[in-house]
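Structure file data-v6.json (JSON, C-alpha atoms and all ligand atoms) follows.
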[["chain", "number", "residue", "atom", "x", "y", "z"],
["A", 1, "MET", "CA", -21.62, 0.74, -9.21],
["A", 2, "SER", "CA", -23.33, -1.45, -6.63],
["A", 3, "GLY", "CA", -21.28, -3.71, -4.38],
["A", 4, "THR", "CA", -20.09, -4.10, -0.81],
["A", 5, "LEU", "CA", -18.20, -0.78, -0.99],
["A", 6, "ALA", "CA", -20.71, 1.20, -3.05],
["A", 7, "GLY", "CA", -20.00, 4.92, -2.94],
["A", 8, "LYS", "CA", -16.89, 4.67, -0.75],
["A", 9, "VAL", "CA", -13.91, 6.83, -1.69],
["A", 10, "ALA", "CA", -10.64, 4.86, -1.73],
["A", 11, "LEU", "CA", -7.05, 5.97, -2.23],
["A", 12, "VAL", "CA", -4.44, 3.36, -3.19],
["A", 13, "SER", "CA", -0.80, 4.40, -3.57],
["A", 14, "GLY", "CA", 1.39, 2.54, -6.07],
["A", 15, "SER", "CA", -1.67, 1.22, -7.87],
["A", 16, "GLY", "CA", -0.22, 1.29, -11.40],
["A", 17, "ARG", "CA", 1.07, -2.27, -11.16],
["A", 18, "GLY", "CA", 1.16, -5.42, -9.08],
["A", 19, "ILE", "CA", -0.66, -5.69, -5.78],
["A", 20, "GLY", "CA", -1.79, -2.04, -5.72],
["A", 21, "HIS", "CA", -3.35, -2.37, -9.16],
["A", 22, "ALA", "CA", -5.20, -5.52, -8.10],
["A", 23, "VAL", "CA", -6.39, -3.78, -4.90],
["A", 24, "ALA", "CA", -7.66, -0.75, -6.83],
["A", 25, "MET", "CA", -9.48, -2.98, -9.34],
["A", 26, "LYS", "CA", -11.06, -5.05, -6.57],
["A", 27, "LEU", "CA", -12.24, -2.03, -4.57],
["A", 28, "ALA", "CA", -13.61, -0.42, -7.74],
["A", 29, "ARG", "CA", -15.46, -3.61, -8.72],
["A", 30, "GLU", "CA", -17.06, -3.53, -5.28],
["A", 31, "GLY", "CA", -18.33, -0.01, -5.95],
["A", 32, "ALA", "CA", -15.62, 2.22, -4.47],
["A", 33, "ARG", "CA", -14.57, 5.39, -6.28],
["A", 34, "LEU", "CA", -10.79, 5.41, -6.62],
["A", 35, "VAL", "CA", -7.86, 7.78, -6.48],
["A", 36, "VAL", "CA", -5.01, 5.80, -8.03],
["A", 37, "ASN", "CA", -1.33, 6.72, -7.94],
["A", 38, "ASP", "CA", 1.98, 5.71, -9.43],
["A", 39, "LEU", "CA", 5.34, 7.32, -10.11],
["A", 40, "ASP", "CA", 4.75, 8.04, -13.78],
["A", 41, "ARG", "CA", 1.80, 9.83, -15.27],
["A", 42, "ASP", "CA", 1.12, 7.28, -18.05],
["A", 43, "VAL", "CA", 1.15, 4.34, -15.62],
["A", 44, "ALA", "CA", -1.19, 6.08, -13.16],
["A", 45, "GLU", "CA", -3.54, 7.20, -15.92],
["A", 46, "GLN", "CA", -3.59, 3.70, -17.42],
["A", 47, "ALA", "CA", -4.68, 2.31, -14.02],
["A", 48, "ALA", "CA", -7.51, 4.85, -13.88],
["A", 49, "SER", "CA", -8.50, 3.89, -17.46],
["A", 50, "ASP", "CA", -8.50, 0.18, -16.52],
["A", 51, "ILE", "CA", -10.99, 0.92, -13.74],
["A", 52, "VAL", "CA", -13.21, 3.07, -15.95],
["A", 53, "ALA", "CA", -13.12, 0.36, -18.66],
["A", 54, "ALA", "CA", -14.34, -2.12, -16.03],
["A", 55, "GLY", "CA", -17.30, 0.17, -15.26],
["A", 56, "GLY", "CA", -15.82, 1.91, -12.21],
["A", 57, "GLN", "CA", -14.80, 5.44, -11.29],
["A", 58, "ALA", "CA", -11.19, 6.57, -10.89],
["A", 59, "VAL", "CA", -8.97, 9.60, -11.01],
["A", 60, "ALA", "CA", -5.16, 9.51, -11.23],
["A", 61, "CYS", "CA", -2.86, 11.39, -8.87],
["A", 62, "TRP", "CA", 0.60, 10.63, -10.18],
["A", 63, "GLY", "CA", 3.94, 11.28, -8.52],
["A", 64, "ASN", "CA", 6.41, 9.93, -6.00],
["A", 65, "VAL", "CA", 4.83, 9.30, -2.59],
["A", 66, "THR", "CA", 8.06, 10.59, -1.03],
["A", 67, "ALA", "CA", 7.68, 14.08, -2.53],
["A", 68, "PRO", "CA", 7.11, 16.61, 0.27],
["A", 69, "ASP", "CA", 3.84, 17.87, -1.25],
["A", 70, "PHE", "CA", 2.50, 14.45, -2.28],
["A", 71, "ALA", "CA", 0.33, 13.65, 0.75],
["A", 72, "GLU", "CA", -1.64, 16.90, 0.51],
["A", 73, "ARG", "CA", -2.12, 16.44, -3.25],
["A", 74, "PHE", "CA", -3.29, 12.84, -2.80],
["A", 75, "ILE", "CA", -5.88, 13.69, -0.15],
["A", 76, "LYS", "CA", -6.98, 16.81, -2.04],
["A", 77, "ALA", "CA", -7.57, 14.71, -5.18],
["A", 78, "ALA", "CA", -10.13, 12.64, -3.26],
["A", 79, "VAL", "CA", -11.84, 15.64, -1.71],
["A", 80, "ASP", "CA", -11.92, 17.64, -4.95],
["A", 81, "GLN", "CA", -13.16, 14.73, -7.07],
["A", 82, "TYR", "CA", -15.53, 12.95, -4.69],
["A", 83, "GLN", "CA", -15.97, 15.19, -1.59],
["A", 84, "GLY", "CA", -15.16, 12.21, 0.62],
["A", 85, "LEU", "CA", -12.51, 9.88, 2.02],
["A", 86, "ASP", "CA", -13.25, 6.38, 3.32],
["A", 87, "ILE", "CA", -10.35, 4.01, 2.58],
["A", 88, "ILE", "CA", -6.60, 4.59, 2.39],
["A", 89, "VAL", "CA", -4.26, 1.80, 1.26],
["A", 90, "ASN", "CA", -0.58, 2.67, 1.76],
["A", 91, "ASN", "CA", 0.90, 0.26, -0.77],
["A", 92, "ALA", "CA", 3.54, 2.04, -2.93],
["A", 93, "GLY", "CA", 6.94, 0.51, -2.53],
["A", 94, "TYR", "CA", 9.94, -1.40, -3.77],
["A", 95, "THR", "CA", 13.01, -3.07, -2.33],
["A", 96, "TRP", "CA", 16.65, -1.93, -2.50],
["A", 97, "ASP", "CA", 18.67, -4.73, -0.92],
["A", 98, "ASN", "CA", 22.18, -5.05, 0.37],
["A", 99, "VAL", "CA", 24.02, -6.56, 3.30],
["A", 100, "ILE", "CA", 24.55, -3.99, 6.02],
["A", 101, "GLN", "CA", 28.28, -3.43, 5.39],
["A", 102, "LYS", "CA", 27.47, -2.42, 1.80],
["A", 103, "MET", "CA", 24.23, -0.53, 2.45],
["A", 104, "THR", "CA", 24.53, 3.20, 1.84],
["A", 105, "ASP", "CA", 22.71, 5.92, 3.74],
["A", 106, "GLU", "CA", 20.86, 6.63, 0.49],
["A", 107, "GLN", "CA", 19.56, 3.04, 0.40],
["A", 108, "TRP", "CA", 18.58, 3.17, 4.06],
["A", 109, "TYR", "CA", 16.68, 6.44, 3.83],
["A", 110, "ALA", "CA", 15.05, 5.56, 0.50],
["A", 111, "MET", "CA", 13.26, 2.64, 2.17],
["A", 112, "LEU", "CA", 12.29, 4.59, 5.29],
["A", 113, "ASP", "CA", 11.06, 7.51, 3.16],
["A", 114, "CYS", "CA", 8.93, 5.34, 0.88],
["A", 115, "HIS", "CA", 7.57, 2.69, 3.26],
["A", 116, "LEU", "CA", 7.24, 4.69, 6.48],
["A", 117, "THR", "CA", 7.48, 8.47, 6.12],
["A", 118, "ALA", "CA", 5.18, 8.62, 3.09],
["A", 119, "PRO", "CA", 2.35, 6.68, 4.83],
["A", 120, "PHE", "CA", 2.83, 8.85, 7.93],
["A", 121, "ARG", "CA", 2.45, 12.02, 5.87],
["A", 122, "ILE", "CA", -0.59, 10.67, 4.00],
["A", 123, "LEU", "CA", -2.36, 9.82, 7.27],
["A", 124, "ARG", "CA", -1.38, 13.19, 8.76],
["A", 125, "ALA", "CA", -2.83, 15.00, 5.73],
["A", 126, "ALA", "CA", -6.01, 12.90, 5.95],
["A", 127, "GLN", "CA", -6.69, 13.72, 9.61],
["A", 128, "PRO", "CA", -8.36, 17.15, 9.24],
["A", 129, "VAL", "CA", -10.52, 15.86, 6.40],
["A", 130, "ILE", "CA", -11.62, 12.80, 8.36],
["A", 131, "ARG", "CA", -12.25, 14.88, 11.49],
["A", 132, "ALA", "CA", -14.49, 17.31, 9.55],
["A", 133, "LEU", "CA", -16.41, 14.46, 7.89],
["A", 134, "VAL", "CA", -16.91, 12.71, 11.25],
["A", 135, "LYS", "CA", -18.11, 15.96, 12.85],
["A", 136, "ALA", "CA", -20.75, 16.43, 10.13],
["A", 137, "GLU", "CA", -21.81, 12.75, 10.33],
["A", 138, "THR", "CA", -22.06, 12.87, 14.14],
["A", 139, "GLU", "CA", -24.25, 15.99, 13.93],
["A", 140, "ALA", "CA", -26.46, 14.11, 11.46],
["A", 141, "GLY", "CA", -26.64, 11.16, 13.87],
["A", 142, "ARG", "CA", -24.56, 8.83, 11.70],
["A", 143, "ARG", "CA", -21.49, 6.73, 12.53],
["A", 144, "VAL", "CA", -19.35, 5.76, 9.54],
["A", 145, "HIS", "CA", -16.36, 3.43, 9.75],
["A", 146, "ARG", "CA", -13.32, 4.35, 7.69],
["A", 147, "LYS", "CA", -10.44, 2.02, 6.84],
["A", 148, "VAL", "CA", -6.70, 2.36, 6.62],
["A", 149, "VAL", "CA", -4.69, -0.62, 5.37],
["A", 150, "ASN", "CA", -0.91, -0.24, 5.56],
["A", 151, "ILE", "CA", 1.11, -2.70, 3.51],
["A", 152, "SER", "CA", 3.97, -4.51, 5.20],
["A", 153, "SER", "CA", 5.92, -7.68, 4.58],
["A", 154, "ILE", "CA", 6.88, -10.80, 6.48],
["A", 155, "ALA", "CA", 10.40, -9.27, 6.30],
["A", 156, "GLY", "CA", 9.07, -6.58, 8.66],
["A", 157, "LEU", "CA", 7.80, -9.20, 11.09],
["A", 158, "GLY", "CA", 10.65, -11.71, 11.06],
["A", 159, "GLY", "CA", 13.56, -9.87, 9.43],
["A", 160, "ASN", "CA", 15.26, -10.92, 6.20],
["A", 161, "ALA", "CA", 18.99, -11.04, 5.41],
["A", 162, "GLY", "CA", 19.94, -8.30, 2.95],
["A", 163, "GLN", "CA", 16.93, -6.16, 3.82],
["A", 164, "ALA", "CA", 17.88, -4.18, 6.94],
["A", 165, "ASN", "CA", 16.44, -1.00, 5.40],
["A", 166, "TYR", "CA", 13.23, -2.56, 4.06],
["A", 167, "ALA", "CA", 12.60, -4.76, 7.12],
["A", 168, "ALA", "CA", 13.10, -1.80, 9.48],
["A", 169, "ALA", "CA", 10.67, 0.35, 7.48],
["A", 170, "LYS", "CA", 8.11, -2.46, 7.21],
["A", 171, "ALA", "CA", 8.42, -3.15, 10.96],
["A", 172, "GLY", "CA", 7.92, 0.58, 11.54],
["A", 173, "ILE", "CA", 4.64, 0.62, 9.65],
["A", 174, "THR", "CA", 3.17, -1.85, 12.16],
["A", 175, "GLY", "CA", 4.04, 0.63, 14.94],
["A", 176, "LEU", "CA", 2.36, 3.41, 12.99],
["A", 177, "THR", "CA", -0.68, 1.16, 12.45],
["A", 178, "LYS", "CA", -1.03, 0.30, 16.14],
["A", 179, "THR", "CA", -0.64, 3.93, 17.18],
["A", 180, "MET", "CA", -3.13, 5.25, 14.66],
["A", 181, "SER", "CA", -5.65, 2.58, 15.65],
["A", 182, "LYS", "CA", -5.48, 4.09, 19.15],
["A", 183, "GLU", "CA", -5.54, 7.74, 18.04],
["A", 184, "TRP", "CA", -8.33, 7.26, 15.51],
["A", 185, "GLY", "CA", -10.61, 4.83, 17.31],
["A", 186, "ARG", "CA", -12.72, 7.78, 18.44],
["A", 187, "LEU", "CA", -13.09, 8.74, 14.75],
["A", 188, "ALA", "CA", -14.24, 5.18, 13.94],
["A", 189, "VAL", "CA", -11.25, 4.57, 11.69],
["A", 190, "ASN", "CA", -10.06, 0.95, 11.57],
["A", 191, "VAL", "CA", -6.29, 0.93, 11.01],
["A", 192, "ASN", "CA", -4.69, -2.40, 10.15],
["A", 193, "THR", "CA", -1.66, -3.84, 8.39],
["A", 194, "VAL", "CA", -1.41, -6.59, 5.80],
["A", 195, "ALA", "CA", 2.01, -8.27, 5.70],
["A", 196, "PHE", "CA", 2.63, -10.17, 2.49],
["A", 197, "GLY", "CA", 4.77, -13.22, 1.97],
["A", 198, "LEU", "CA", 5.85, -14.03, -1.58],
["A", 199, "ILE", "CA", 3.48, -12.53, -4.15],
["A", 200, "ARG", "CA", 4.23, -12.77, -7.87],
["A", 201, "THR", "CA", 4.75, -9.22, -9.15],
["A", 202, "ARG", "CA", 7.43, -7.27, -11.00],
["A", 203, "LEU", "CA", 9.36, -7.08, -7.71],
["A", 204, "THR", "CA", 9.58, -10.84, -7.33],
["A", 205, "GLU", "CA", 9.48, -11.93, -10.96],
["A", 206, "ALA", "CA", 11.43, -15.14, -11.60],
["A", 207, "THR", "CA", 14.21, -14.10, -13.96],
["A", 208, "SER", "CA", 17.64, -15.44, -14.80],
["A", 209, "ASP", "CA", 18.61, -11.92, -15.91],
["A", 210, "ALA", "CA", 20.90, -10.79, -13.09],
["A", 211, "ASN", "CA", 20.68, -7.25, -14.50],
["A", 212, "ALA", "CA", 16.87, -6.90, -14.35],
["A", 213, "GLN", "CA", 16.18, -3.38, -13.09],
["A", 214, "ILE", "CA", 13.38, -0.95, -12.47],
["A", 215, "ASP", "CA", 13.56, 2.83, -12.56],
["A", 216, "ILE", "CA", 12.40, 4.55, -9.39],
["A", 217, "ASP", "CA", 12.48, 8.27, -10.09],
["A", 218, "GLY", "CA", 15.85, 8.05, -11.87],
["A", 219, "ARG", "CA", 17.40, 5.39, -9.61],
["A", 220, "GLU", "CA", 18.12, 2.04, -11.27],
["A", 221, "ILE", "CA", 17.13, -0.67, -8.76],
["A", 222, "LYS", "CA", 17.74, -4.40, -9.22],
["A", 223, "VAL", "CA", 14.59, -6.57, -9.12],
["A", 224, "GLY", "CA", 13.62, -10.17, -9.74],
["A", 225, "ILE", "CA", 14.50, -13.51, -8.21],
["A", 226, "ASN", "CA", 16.62, -16.22, -9.76],
["A", 227, "PRO", "CA", 14.23, -19.02, -10.93],
["A", 228, "GLY", "CA", 16.07, -21.67, -8.86],
["A", 229, "LEU", "CA", 15.80, -19.57, -5.72],
["A", 230, "MET", "CA", 12.15, -18.82, -6.51],
["A", 231, "GLN", "CA", 11.42, -22.55, -6.71],
["A", 232, "ALA", "CA", 13.24, -23.16, -3.40],
["A", 233, "MET", "CA", 11.27, -20.33, -1.77],
["A", 234, "GLU", "CA", 7.97, -21.71, -3.06],
["A", 235, "GLN", "CA", 8.80, -25.13, -1.61],
["A", 236, "GLN", "CA", 8.99, -23.57, 1.84],
["A", 237, "ILE", "CA", 5.48, -22.15, 1.56],
["A", 238, "PRO", "CA", 2.89, -24.48, 3.11],
["A", 239, "LEU", "CA", 0.47, -23.79, 0.24],
["A", 240, "GLY", "CA", 3.31, -24.68, -2.16],
["A", 241, "ARG", "CA", 3.37, -21.57, -4.34],
["A", 242, "ALA", "CA", 3.66, -17.79, -4.42],
["A", 243, "GLY", "CA", 0.43, -15.80, -4.19],
["A", 244, "THR", "CA", -1.16, -13.82, -7.01],
["A", 245, "PRO", "CA", -1.78, -10.06, -6.86],
["A", 246, "GLU", "CA", -5.52, -10.84, -6.83],
["A", 247, "GLU", "CA", -5.12, -13.08, -3.78],
["A", 248, "ALA", "CA", -3.07, -10.33, -2.13],
["A", 249, "ALA", "CA", -5.83, -7.83, -2.95],
["A", 250, "GLY", "CA", -8.37, -10.11, -1.29],
["A", 251, "SER", "CA", -6.64, -9.75, 2.07],
["A", 252, "VAL", "CA", -6.75, -5.95, 1.81],
["A", 253, "TYR", "CA", -10.38, -6.04, 0.73],
["A", 254, "ILE", "CA", -11.39, -8.08, 3.79],
["A", 255, "LEU", "CA", -10.11, -5.24, 6.00],
["A", 256, "CYS", "CA", -12.16, -2.68, 4.04],
["A", 257, "LEU", "CA", -15.47, -4.49, 4.55],
["A", 258, "PRO", "CA", -18.10, -3.50, 7.14],
["A", 259, "GLU", "CA", -17.65, -7.03, 8.53],
["A", 260, "SER", "CA", -14.22, -5.91, 9.80],
["A", 261, "ASP", "CA", -15.59, -2.86, 11.65],
["A", 262, "TYR", "CA", -14.45, -4.23, 15.02],
["A", 263, "ILE", "CA", -10.91, -5.17, 13.91],
["A", 264, "SER", "CA", -8.23, -2.51, 14.42],
["A", 265, "GLY", "CA", -4.51, -2.31, 15.16],
["A", 266, "GLN", "CA", -3.90, -5.80, 13.76],
["A", 267, "THR", "CA", -1.52, -7.33, 11.24],
["A", 268, "LEU", "CA", -2.97, -9.86, 8.83],
["A", 269, "VAL", "CA", -0.32, -12.11, 7.27],
["A", 270, "CYS", "CA", -1.07, -13.08, 3.67],
["A", 271, "GLY", "CA", 1.68, -15.55, 2.89],
["A", 272, "GLY", "CA", 0.27, -18.97, 2.10],
["A", 273, "GLY", "CA", 1.10, -20.12, 5.61],
["A", 274, "PHE", "CA", 4.77, -19.11, 5.42],
["A", 275, "SER", "CA", 6.30, -17.06, 8.20],
["A", 276, "LEU", "CA", 9.82, -15.76, 8.84],
["A", 277, "SER", "CA", 9.18, -15.20, 12.55],
["B", 301, "LIG", "N1", 5.52, -8.87, -4.13],
["B", 301, "LIG", "C1", 5.81, -9.32, -2.93],
["B", 301, "LIG", "O1", 6.17, -10.50, -2.76],
["B", 301, "LIG", "C2", 5.67, -8.44, -1.71],
["B", 301, "LIG", "C3", 5.91, -9.00, -0.47],
["B", 301, "LIG", "C4", 5.79, -8.22, 0.68],
["B", 301, "LIG", "C5", 5.41, -6.90, 0.57],
["B", 301, "LIG", "N2", 5.20, -6.35, -0.66],
["B", 301, "LIG", "C6", 4.83, -4.93, -0.71],
["B", 301, "LIG", "O2", 3.70, -4.78, -1.52],
["B", 301, "LIG", "C7", 3.71, -3.45, -2.08],
["B", 301, "LIG", "C8", 3.47, -3.53, -3.58],
["B", 301, "LIG", "O3", 4.56, -4.24, -4.19],
["B", 301, "LIG", "P1", 4.39, -5.09, -5.55],
["B", 301, "LIG", "O4", 4.99, -6.41, -5.31],
["B", 301, "LIG", "O5", 3.00, -4.97, -6.05],
["B", 301, "LIG", "O6", 5.40, -4.28, -6.50],
["B", 301, "LIG", "P2", 5.22, -3.75, -8.01],
["B", 301, "LIG", "O7", 6.56, -3.24, -8.40],
["B", 301, "LIG", "O8", 4.58, -4.79, -8.86],
["B", 301, "LIG", "O9", 4.19, -2.56, -7.84],
["B", 301, "LIG", "C9", 4.48, -1.46, -7.01],
["B", 301, "LIG", "C10", 4.03, -0.19, -7.69],
["B", 301, "LIG", "O10", 4.35, 0.91, -6.80],
["B", 301, "LIG", "C11", 4.96, 1.93, -7.56],
["B", 301, "LIG", "N3", 5.86, 2.69, -6.70],
["B", 301, "LIG", "C12", 7.03, 2.27, -6.17],
["B", 301, "LIG", "N4", 7.59, 3.26, -5.47],
["B", 301, "LIG", "C13", 6.75, 4.32, -5.56],
["B", 301, "LIG", "C14", 6.80, 5.63, -5.06],
["B", 301, "LIG", "N5", 7.84, 6.04, -4.34],
["B", 301, "LIG", "N6", 5.77, 6.46, -5.34],
["B", 301, "LIG", "C15", 4.71, 6.05, -6.09],
["B", 301, "LIG", "N7", 4.63, 4.81, -6.60],
["B", 301, "LIG", "C16", 5.65, 3.97, -6.35],
["B", 301, "LIG", "C17", 5.72, 1.22, -8.68],
["B", 301, "LIG", "O11", 5.98, 2.08, -9.77],
["B", 301, "LIG", "C18", 4.78, 0.08, -9.00],
["B", 301, "LIG", "O12", 3.87, 0.40, -10.03],
["B", 301, "LIG", "C19", 5.04, -2.83, -1.68],
["B", 301, "LIG", "O13", 4.87, -2.00, -0.55],
["B", 301, "LIG", "C20", 5.89, -4.04, -1.34],
["B", 301, "LIG", "O14", 6.93, -3.73, -0.43],
["B", 301, "LIG", "C21", 5.31, -7.09, -1.81]]
Show me the file's structure as structure tokens.
Ligand SMILES: NC(=O)c1ccc[n+]([C@@H]2O[C@H](COP(=O)([O-])OP(=O)(O)OC[C@H]3O[C@@H](n4cnc5c(N)ncnc54)[C@H](O)[C@@H]3O)[C@@H](O)[C@H]2O)c1
Amino acid sequence: MSGTLAGKVALVSGSGRGIGHAVAMKLAREGARLVVNDLDRDVAEQAASDIVAAGGQAVACWGNVTAPDFAERFIKAAVDQYQGLDIIVNNAGYTWDNVIQKMTDEQWYAMLDCHLTAPFRILRAAQPVIRALVKAETEAGRRVHRKVVNISSIAGLGGNAGQANYAAAKAGITGLTKTMSKEWGRLAVNVNTVAFGLIRTRLTEATSDANAQIDIDGREIKVGINPGLMQAMEQQIPLGRAGTPEEAAGSVYILCLPESDYISGQTLVCGGGFSLS
């Protein structure tokens, strides 16, 4: 496929649904070859099929990003399939809210494991591969920029009542981003964060069903926002509405373009003008 990212190899975690799916589709339409991921095999394989049906290339690496062996498997999938690695989008995630006095250790660690430890492990597993690719490119007289986009939230920038676990993990990812931008500058890797405001996905679906749940590896987690609250939240957004997954994907895409080769260690807020900070 031709396009602004022709031939690039991109990994997107949690790309079976929502924002991750829209990111994977956008990168594939721009010519990138994808490794997609989601918890369940059928969901991950469907995402890969969606990309192939749109004329792109994709392979599925399914499984929980928090599994101890996941990072190595994810990176290996890219190397085995495409012999390269250019873009990593750490997107997989969910919320598991409670006020602090009711928040269990399990809830706390689930968010840190998924939103912070998993991206850390993925970047750690990518380092030897990137270093070897850069060495070969340098010897050939070439300099190639690579891109990491870590997904955060405005909750990680400004805090959000009921989300001590999620906000702490999402704040942590900005620290990881800034540090990796310093460690990997010499490898020409641009490392940035996108912090989303309110984006319409399964996580934030307007529903009056107070029992709406998703299954995260056997854990039943409440999702969705009461329609009245959703409307009130949208009224506080300067652009007057929640964003779409495609709009969210656009902000990630911008940071994967060659035009962003001199931007690193930054957090781009994609929230329709809304900010909690
Ligand atoms: N929707 C929003 O308003 C919003 C706002 C701020 C940040 N975010 C962040 O954006 C990212 C994507 O969220 P979304 O709204 O698209 O949600 P979503 O539920 O629509 O999609 C997330 C996908 O990630 C997968 N996933 C979740 N945990 C996983 C795990 N441990 N391993 C592998 N896959 C996993 C899910 O199965 C799902 O397919 C998350 O990191 C979320 O915290 C979303």
Please, which residues in chain A fall within 8 Å of ligand LIG 301 (chain B) when counting only C-alpha atoms and all ligand atoms, and what is the closest atom pair and distance in Å to one decimal for each, ordered by chain then residue number, as a Markdown table?
| residue | atom | partner | partner_atom | distance |
| --- | --- | --- | --- | --- |
| A:Ser13 | CA | B:LIG301 | N7 | 6.2 |
| A:Gly14 | CA | B:LIG301 | O10 | 3.5 |
| A:Ser15 | CA | B:LIG301 | C10 | 5.9 |
| A:Gly16 | CA | B:LIG301 | O12 | 4.4 |
| A:Arg17 | CA | B:LIG301 | O12 | 4.0 |
| A:Gly18 | CA | B:LIG301 | O8 | 3.5 |
| A:Ile19 | CA | B:LIG301 | O5 | 3.7 |
| A:Gly20 | CA | B:LIG301 | O5 | 5.6 |
| A:His21 | CA | B:LIG301 | O5 | 7.5 |
| A:Asn37 | CA | B:LIG301 | C15 | 6.4 |
| A:Asp38 | CA | B:LIG301 | N7 | 4.0 |
| A:Leu39 | CA | B:LIG301 | C15 | 4.3 |
| A:Asp40 | CA | B:LIG301 | O11 | 7.3 |
| A:Val43 | CA | B:LIG301 | O12 | 7.4 |
| A:Trp62 | CA | B:LIG301 | C15 | 7.4 |
| A:Gly63 | CA | B:LIG301 | C15 | 5.8 |
| A:Asn64 | CA | B:LIG301 | N6 | 3.6 |
| A:Val65 | CA | B:LIG301 | N6 | 4.1 |
| A:Thr66 | CA | B:LIG301 | N5 | 5.6 |
| A:Asn90 | CA | B:LIG301 | O13 | 7.5 |
| A:Asn91 | CA | B:LIG301 | O13 | 4.6 |
| A:Ala92 | CA | B:LIG301 | O10 | 4.1 |
| A:Gly93 | CA | B:LIG301 | O13 | 3.8 |
| A:Tyr94 | CA | B:LIG301 | O14 | 5.1 |
| A:Thr95 | CA | B:LIG301 | O14 | 6.4 |
| A:Cys114 | CA | B:LIG301 | N5 | 5.4 |
| A:His115 | CA | B:LIG301 | O13 | 6.6 |
| A:Ile151 | CA | B:LIG301 | O13 | 5.6 |
| A:Ser152 | CA | B:LIG301 | C5 | 5.4 |
| A:Ser153 | CA | B:LIG301 | C4 | 3.9 |
| A:Ile154 | CA | B:LIG301 | C4 | 6.4 |
| A:Ala155 | CA | B:LIG301 | C4 | 7.3 |
| A:Tyr166 | CA | B:LIG301 | O14 | 7.8 |
| A:Lys170 | CA | B:LIG301 | O14 | 7.8 |
| A:Ala195 | CA | B:LIG301 | C4 | 6.3 |
| A:Phe196 | CA | B:LIG301 | C4 | 4.1 |
| A:Gly197 | CA | B:LIG301 | C3 | 5.0 |
| A:Leu198 | CA | B:LIG301 | O1 | 3.7 |
| A:Ile199 | CA | B:LIG301 | O1 | 3.6 |
| A:Arg200 | CA | B:LIG301 | N1 | 5.6 |
| A:Thr201 | CA | B:LIG301 | O8 | 4.4 |
| A:Arg202 | CA | B:LIG301 | O8 | 4.3 |
| A:Leu203 | CA | B:LIG301 | O7 | 4.8 |
| A:Thr204 | CA | B:LIG301 | N1 | 5.5 |
| A:Ile216 | CA | B:LIG301 | N4 | 6.3 |
| A:Asp217 | CA | B:LIG301 | N5 | 7.7 |
| A:Ala242 | CA | B:LIG301 | O1 | 7.9 |
| A:Gly243 | CA | B:LIG301 | O1 | 7.9 |
| A:Pro245 | CA | B:LIG301 | O5 | 7.0 |
Within 12 Å of segment 265-267 of chain A using all atoms listed in the file, minus same-chain residues under 6 positions, as a PyMOL selection string: chain A and resi 147-154+156-157+170-171+173-185+189-196+251-252+255
Residues from the last selection, C-alpha atoms, saved as a compact mmCIF listing (two decimals), in the frame of the given file:
# COMPACT_ATOMS: atom_id res chain seq x y z
CA LYS A 147 -10.44 2.02 6.84
CA VAL A 148 -6.70 2.36 6.62
CA VAL A 149 -4.69 -0.62 5.37
CA ASN A 150 -0.91 -0.24 5.56
CA ILE A 151 1.11 -2.70 3.51
CA SER A 152 3.97 -4.51 5.20
CA SER A 153 5.92 -7.68 4.58
CA ILE A 154 6.88 -10.80 6.48
CA GLY A 156 9.07 -6.58 8.66
CA LEU A 157 7.80 -9.20 11.09
CA LYS A 170 8.11 -2.46 7.21
CA ALA A 171 8.42 -3.15 10.96
CA ILE A 173 4.64 0.62 9.65
CA THR A 174 3.17 -1.85 12.16
CA GLY A 175 4.04 0.63 14.94
CA LEU A 176 2.36 3.41 12.99
CA THR A 177 -0.68 1.16 12.45
CA LYS A 178 -1.03 0.30 16.14
CA THR A 179 -0.64 3.93 17.18
CA MET A 180 -3.13 5.25 14.66
CA SER A 181 -5.65 2.58 15.65
CA LYS A 182 -5.48 4.09 19.15
CA GLU A 183 -5.54 7.74 18.04
CA TRP A 184 -8.33 7.26 15.51
CA GLY A 185 -10.61 4.83 17.31
CA VAL A 189 -11.25 4.57 11.69
CA ASN A 190 -10.06 0.95 11.57
CA VAL A 191 -6.29 0.93 11.01
CA ASN A 192 -4.69 -2.40 10.15
CA THR A 193 -1.66 -3.84 8.39
CA VAL A 194 -1.41 -6.59 5.80
CA ALA A 195 2.01 -8.27 5.70
CA PHE A 196 2.63 -10.17 2.49
CA SER A 251 -6.64 -9.75 2.07
CA VAL A 252 -6.75 -5.95 1.81
CA LEU A 255 -10.11 -5.24 6.00
Leu34 of chain A: which residues within 9 Å, counting only C-alpha atoms, same-chain residues fewer than 2 positions away excluded, as a PyMOL selection string? chain A and resi 8-12+24-25+27-28+32+36+48+51+56-60+78
Test item: residues at most 9 Å from segment 122-138 of chain A, only C-alpha atoms, excluding those fewer than 4 positions along its chain, as a list of chain:residue names: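 The neighbour list is A:Val65, A:Phe70, A:Ala71, A:Glu72, A:Phe74, A:Ile75, A:Lys76, A:Val79, A:Gly84, A:Leu85, A:Asp86, A:Ile88, A:Asn90, A:Thr117, A:Ala118, A:Arg142, A:Arg143, A:Val144, A:Arg146, A:Val148, A:Met180, A:Trp184, A:Leu187, A:Ala188, A:Val189.
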Please measure the separation of atom CA of Gln231 of chain A and atom CA of Ala248 of chain A, giving the value in Å to one decimal.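 Here the two named atoms are 19.5 Å from each other.
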Å distance separating atom CA of Asn211 of chain A from atom CA of Val223 of chain A, one decimal place: 8.2 Å
Size and centre in Å, one decimal, axis-aligned box, all listed segment 233-237 of chain A atoms plus 3 Å per side, as lines of an AutoDock Vina configuration file:
center_x = 8.4
center_y = -22.7
center_z = -0.6
size_x = 11.8
size_y = 10.8
size_z = 10.9
Please provide the set of residues having any atom within 7 Å of Ala6 of chain A, restricted to only C-alpha atoms, with same-chain residues fewer than 2 positions apart removed, written as a ChimeraX atom specification. /A:1-4,8,30-32
